[in-house]
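K.L.:
Here you go, work_29.txt (compact mmCIF, C-alpha atoms and all ligand atoms):
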```
# COMPACT_ATOMS: atom_id res chain seq x y z
CA MET A 1 -13.01 -23.51 58.77
CA PRO A 2 -12.27 -23.20 62.52
CA GLN A 3 -13.36 -20.03 64.27
CA LEU A 4 -11.99 -18.25 67.32
CA ASP A 5 -13.85 -19.33 70.44
CA GLN A 6 -15.00 -16.84 73.07
CA ASN A 7 -11.90 -17.23 75.23
CA GLU A 8 -9.66 -16.54 72.25
CA VAL A 9 -11.71 -13.50 71.24
CA HIS A 10 -11.49 -12.19 74.81
CA PHE A 11 -7.72 -12.78 74.93
CA PHE A 12 -7.02 -10.92 71.70
CA GLU A 13 -9.38 -8.08 72.65
CA GLU A 14 -7.44 -7.79 75.90
CA LEU A 15 -4.20 -7.58 73.93
CA ARG A 16 -5.70 -4.84 71.80
CA GLU A 17 -6.64 -2.86 74.92
CA ALA A 18 -3.17 -3.41 76.40
CA GLY A 19 -1.53 -2.05 73.25
CA VAL A 20 0.17 -5.34 72.45
CA LEU A 21 -1.66 -5.55 69.14
CA GLU A 22 -1.34 -2.23 67.37
CA ASP A 23 -2.79 -1.08 64.08
CA VAL A 24 -0.03 -1.50 61.53
CA ASN A 25 -0.27 2.10 60.35
CA GLY A 26 2.49 4.21 61.75
CA ASN A 27 4.28 1.32 63.41
CA CYS A 28 6.11 0.03 60.42
CA LEU A 29 9.80 -0.05 59.87
CA ASP A 30 11.24 1.54 56.77
CA THR A 31 9.97 -0.87 54.13
CA SER A 32 10.67 1.33 51.14
CA LYS A 33 13.25 -1.19 49.87
CA GLY A 34 10.91 -4.12 50.32
CA VAL A 35 10.30 -6.86 52.83
CA ILE A 36 10.82 -10.56 53.12
CA LEU A 37 7.39 -11.87 54.00
CA VAL A 38 7.37 -14.91 56.26
CA THR A 39 3.82 -16.16 56.36
CA CYS A 40 1.58 -19.19 56.52
CA ALA A 41 0.62 -20.42 53.07
CA ASP A 42 -3.08 -20.74 54.03
CA GLY A 43 -4.94 -19.70 50.89
CA SER A 44 -7.97 -18.59 52.88
CA HIS A 45 -5.98 -15.81 54.52
CA PHE A 46 -2.80 -15.32 52.53
CA GLY A 47 -4.48 -12.98 50.06
CA ASP A 48 -5.53 -10.61 52.83
CA ILE A 49 -2.09 -10.75 54.47
CA PHE A 50 -0.34 -10.04 51.17
CA LYS A 51 -2.75 -7.25 50.19
CA ARG A 52 -2.24 -5.45 53.48
CA GLN A 53 1.51 -5.82 53.22
CA SER A 54 1.52 -4.59 49.63
CA GLU A 55 -0.07 -1.33 50.78
CA MET A 56 3.08 -0.62 52.79
CA THR A 57 5.94 -1.64 50.54
CA PRO A 58 6.74 -1.76 46.82
CA LEU A 59 8.47 -5.13 46.93
CA ILE A 60 7.44 -8.33 48.68
CA HIS A 61 9.64 -11.41 48.61
CA THR A 62 7.34 -14.14 49.91
CA LEU A 63 8.45 -17.22 51.81
CA ALA A 64 5.22 -19.05 52.59
CA LEU A 65 5.12 -22.39 54.39
CA ASN A 66 2.34 -24.00 56.39
CA GLY A 67 2.34 -22.25 59.77
CA GLY A 68 4.63 -19.37 58.75
CA GLY A 69 6.43 -17.96 61.78
CA LEU A 70 5.17 -20.80 63.98
CA ILE A 71 7.76 -23.07 62.40
CA LEU A 72 10.79 -21.02 63.40
CA PRO A 73 11.33 -21.30 67.18
CA HIS A 74 13.56 -24.17 68.24
CA ARG A 75 10.98 -25.34 70.77
CA SER A 76 7.90 -24.92 68.62
CA PRO A 77 5.79 -28.07 68.22
CA ALA A 78 5.39 -27.03 64.57
CA ASN A 79 9.16 -27.07 64.02
CA MET A 80 9.25 -30.70 62.96
CA PRO A 81 12.46 -32.71 62.50
CA ILE A 82 12.92 -33.66 58.86
CA GLY A 83 16.28 -35.41 58.75
CA MET A 84 19.83 -35.76 59.98
CA SER A 85 22.76 -33.58 59.05
CA PRO A 86 26.03 -35.18 57.87
CA THR A 87 27.46 -34.47 61.32
CA GLY A 88 24.65 -36.34 63.01
CA GLY A 89 22.59 -33.39 64.22
CA MET A 90 18.87 -33.11 63.63
CA ILE A 91 17.66 -30.86 60.82
CA CYS A 92 14.29 -29.28 61.48
CA LEU A 93 11.82 -27.44 59.28
CA GLY A 94 12.71 -24.19 61.02
CA ASP A 95 16.36 -24.59 60.02
CA ILE A 96 15.35 -24.73 56.36
CA TYR A 97 13.12 -21.72 56.78
CA MET A 98 15.90 -19.74 58.46
CA SER A 99 18.24 -20.65 55.61
CA GLN A 100 15.67 -19.45 53.08
CA ILE A 101 15.34 -16.12 54.90
CA SER A 102 19.10 -15.57 54.82
CA VAL A 103 19.32 -16.48 51.13
CA ALA A 104 16.46 -14.12 50.31
CA GLN A 105 18.24 -11.32 52.14
CA GLU A 106 21.35 -11.89 50.06
CA LEU A 107 19.48 -12.23 46.78
CA LYS A 108 17.37 -9.13 47.18
CA GLY A 109 19.38 -6.98 49.57
CA ILE A 110 16.38 -6.62 51.87
CA SER A 111 16.97 -6.03 55.57
CA VAL A 112 13.36 -6.04 56.81
CA VAL A 113 11.52 -9.26 57.60
CA ALA A 114 7.75 -9.06 57.94
CA LEU A 115 7.15 -12.01 60.26
CA HIS A 116 3.58 -13.23 60.31
CA VAL A 117 1.52 -15.75 62.16
CA HIS A 118 -2.23 -15.91 61.91
CA PHE A 119 -5.16 -17.19 63.93
CA PRO A 120 -7.06 -19.37 63.56
CA CYS A 121 -4.35 -21.36 61.77
CA GLY A 122 -4.65 -25.00 60.77
CA ILE A 123 -1.06 -25.71 61.81
CA ALA A 124 -1.71 -24.16 65.23
CA ARG A 125 -4.78 -26.37 65.63
CA LEU A 126 -2.87 -29.43 64.43
CA HIS A 127 -0.22 -28.93 67.12
CA ASN A 128 -2.59 -27.70 69.86
CA ILE A 129 -1.00 -24.26 69.87
CA GLY A 130 -3.42 -21.98 71.71
CA SER A 131 -3.69 -18.22 71.38
CA ARG A 132 -1.22 -17.39 74.19
CA HIS A 133 1.28 -19.98 73.01
CA LEU A 134 0.96 -18.55 69.51
CA MET A 135 2.00 -15.13 70.83
CA GLU A 136 4.95 -16.65 72.67
CA LEU A 137 6.07 -18.45 69.52
CA LEU A 138 5.79 -15.29 67.44
CA VAL A 139 8.06 -13.45 69.86
CA ALA A 140 10.47 -16.41 69.93
CA ALA A 141 10.52 -16.46 66.11
CA LYS A 142 11.43 -12.78 66.06
CA THR A 143 14.23 -13.43 68.55
CA ARG A 144 15.59 -16.27 66.41
CA ILE A 145 15.59 -14.25 63.20
CA LYS A 146 17.39 -11.39 64.94
CA ALA A 147 19.96 -13.81 66.37
CA GLU A 148 20.66 -15.84 63.23
CA THR A 149 20.59 -13.32 60.40
CA SER A 150 22.99 -10.56 59.45
CA GLU A 151 23.43 -7.57 61.69
CA GLY A 152 21.01 -4.81 60.85
CA THR A 153 18.10 -7.12 60.12
CA LYS A 154 14.83 -5.57 61.28
CA VAL A 155 11.85 -7.75 62.11
CA ALA A 156 8.24 -6.58 62.18
CA ALA A 157 6.21 -9.18 64.05
CA CYS A 158 2.63 -9.28 62.85
CA LEU A 159 -0.50 -11.18 63.76
CA HIS A 160 -3.38 -11.64 61.34
CA ILE A 161 -6.72 -12.39 62.95
CA ALA A 162 -9.85 -13.62 61.21
CA TRP A 163 -12.48 -12.50 63.73
CA PRO A 164 -15.69 -14.52 64.04
CA ASP A 165 -17.72 -11.58 62.68
CA GLY A 166 -15.88 -11.86 59.36
CA ARG A 167 -13.39 -9.03 59.82
CA LYS A 168 -9.80 -9.78 58.85
CA ARG A 169 -7.14 -7.60 60.40
CA THR A 170 -3.35 -7.45 60.55
CA TYR A 171 -1.79 -6.17 63.76
CA PHE A 172 1.74 -5.17 64.65
CA VAL A 173 2.89 -6.97 67.78
CA SER A 174 4.86 -4.94 70.30
CA ARG A 175 7.34 -7.19 72.09
CA ASP A 176 7.77 -4.61 74.86
CA LYS A 177 4.02 -4.30 75.40
CA TRP A 178 3.73 -8.11 75.41
CA THR A 179 6.37 -8.31 78.14
CA GLU A 180 4.51 -5.63 80.11
CA TYR A 181 1.27 -7.51 79.66
CA LEU A 182 2.82 -10.73 80.96
CA GLN A 183 4.21 -8.90 84.00
CA ALA A 184 0.89 -7.12 84.66
CA THR A 185 -1.08 -10.34 84.47
CA GLY A 186 1.46 -12.30 86.52
CA SER A 187 2.19 -14.63 83.64
CA GLN A 188 5.46 -16.25 82.74
CA SER A 189 6.60 -16.00 79.16
ZN ZN B 1 -2.03 -21.11 58.90
```
Would you mind writing the file's structure down as structure tokens?

P.N.:
Amino acid sequence: MPQLDQNEVHFFEELREAGVLEDVNGNCLDTSKGVILVTCADGSHFGDIFKRQSEMTPLIHTLALNGGGLILPHRSPANMPIGMSPTGGMICLGDIYMSQISVAQELKGISVVALHVHFPCGIARLHNIGSRHLMELLVAAKTRIKAETSEGTKVAACLHIAWPDGRKRTYFVSRDKWTEYLQATGSQS
């Protein structure tokens, strides 16, 4: 199983110090009516992701595909084209995932989406998505869900990290703190 290299460890530790990656306690939305869990299906990590989520909500409606939130952004390399629509447009994996999220919202009446990516992730490795790109895609996935689902949808963006020392942790990702971090480090999002 791939491990985080030293640069990746340093990057995520920096994000912890900058407050971009927060402990999930106390940062959650109201999940008392349940969440739609968008997550990678990776069986090595899904159990930990689900367990942590289940400590915060009584109902989890899981939509797990390889890569989880990495599939959603229009420009993600993991958002693969899978066919043509009757009108001639391209249908991508992310379109199907978005449709599934909307259907789940209608079926269960759940307004909160727990949007997860994790690292290291096999799909990220497959598409050469590095740690910074992964963060950008997570934020872009959140933006897409907010834009293409019903008004009132809340999205909690989360990152699960399997640290090289064996610890597994789920962090809440602050979009505002990420933007501040990019400005402070002179990076472009
Ligand atoms: Zn994965």

K.L.:
Can you work out which residues are within 12 Å of ligand ZN 1 (chain B), considering all atoms listed in the file, and then hand them over as number ranges by chain?

P.N.:
A: 1-2, 38-46, 49, 64-71, 78, 116-127, 129, 134, 159-162

K.L.:
For Leu21 (chain A), which residue among A:Ser150, A:Gly34, A:Ile145, A:Met135 is the nearest when counting all atoms listed in the file?

P.N.:
A:Met135

K.L.:
Please provide the set of residues having any atom within 6 Å of Val113 (chain A), restricted to all atoms listed in the file, with same-chain residues fewer than 3 positions apart removed, written as a PyMOL selection string.

P.N.:
chain A and resi 35-36+155

K.L.:
Between CA of Ile101 (chain A) and CA of Arg144 (chain A), what is the distance, to one decimal in Å?

P.N.:
11.5 Å

K.L.:
If you measure from CA of Ser131 (chain A) to CA of Tyr181 (chain A), what distance in Å do you get, rounded to one decimal?

P.N.:
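Answer for the CA of Ser131 (chain A) to CA of Tyr181 (chain A) separation: 14.4 Å.
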
K.L.:
For Phe11 (chain A), please output as an NGL selection string all residues within 12 Å (counting all atoms listed in the file; exclusion window: fewer than 3 positions along the same chain).

P.N.:
:A and (4-8 or 14-18 or 20-21 or 130-135 or 181 or 185)

K.L.:
Store the residues picked out above in a file with C-alpha atoms, as an mmCIF file, in the coordinates of the input.

P.N.:
```
data_model
loop_
_atom_site.group_PDB
_atom_site.id
_atom_site.type_symbol
_atom_site.label_atom_id
_atom_site.label_comp_id
_atom_site.auth_asym_id
_atom_site.auth_seq_id
_atom_site.Cartn_x
_atom_site.Cartn_y
_atom_site.Cartn_z
ATOM 1 C CA LEU A 4 -11.990 -18.250 67.320
ATOM 2 C CA ASP A 5 -13.850 -19.330 70.440
ATOM 3 C CA GLN A 6 -15.000 -16.840 73.070
ATOM 4 C CA ASN A 7 -11.900 -17.230 75.230
ATOM 5 C CA GLU A 8 -9.660 -16.540 72.250
ATOM 6 C CA GLU A 14 -7.440 -7.790 75.900
ATOM 7 C CA LEU A 15 -4.200 -7.580 73.930
ATOM 8 C CA ARG A 16 -5.700 -4.840 71.800
ATOM 9 C CA GLU A 17 -6.640 -2.860 74.920
ATOM 10 C CA ALA A 18 -3.170 -3.410 76.400
ATOM 11 C CA VAL A 20 0.170 -5.340 72.450
ATOM 12 C CA LEU A 21 -1.660 -5.550 69.140
ATOM 13 C CA GLY A 130 -3.420 -21.980 71.710
ATOM 14 C CA SER A 131 -3.690 -18.220 71.380
ATOM 15 C CA ARG A 132 -1.220 -17.390 74.190
ATOM 16 C CA HIS A 133 1.280 -19.980 73.010
ATOM 17 C CA LEU A 134 0.960 -18.550 69.510
ATOM 18 C CA MET A 135 2.000 -15.130 70.830
ATOM 19 C CA TYR A 181 1.270 -7.510 79.660
ATOM 20 C CA THR A 185 -1.080 -10.340 84.470
#
```
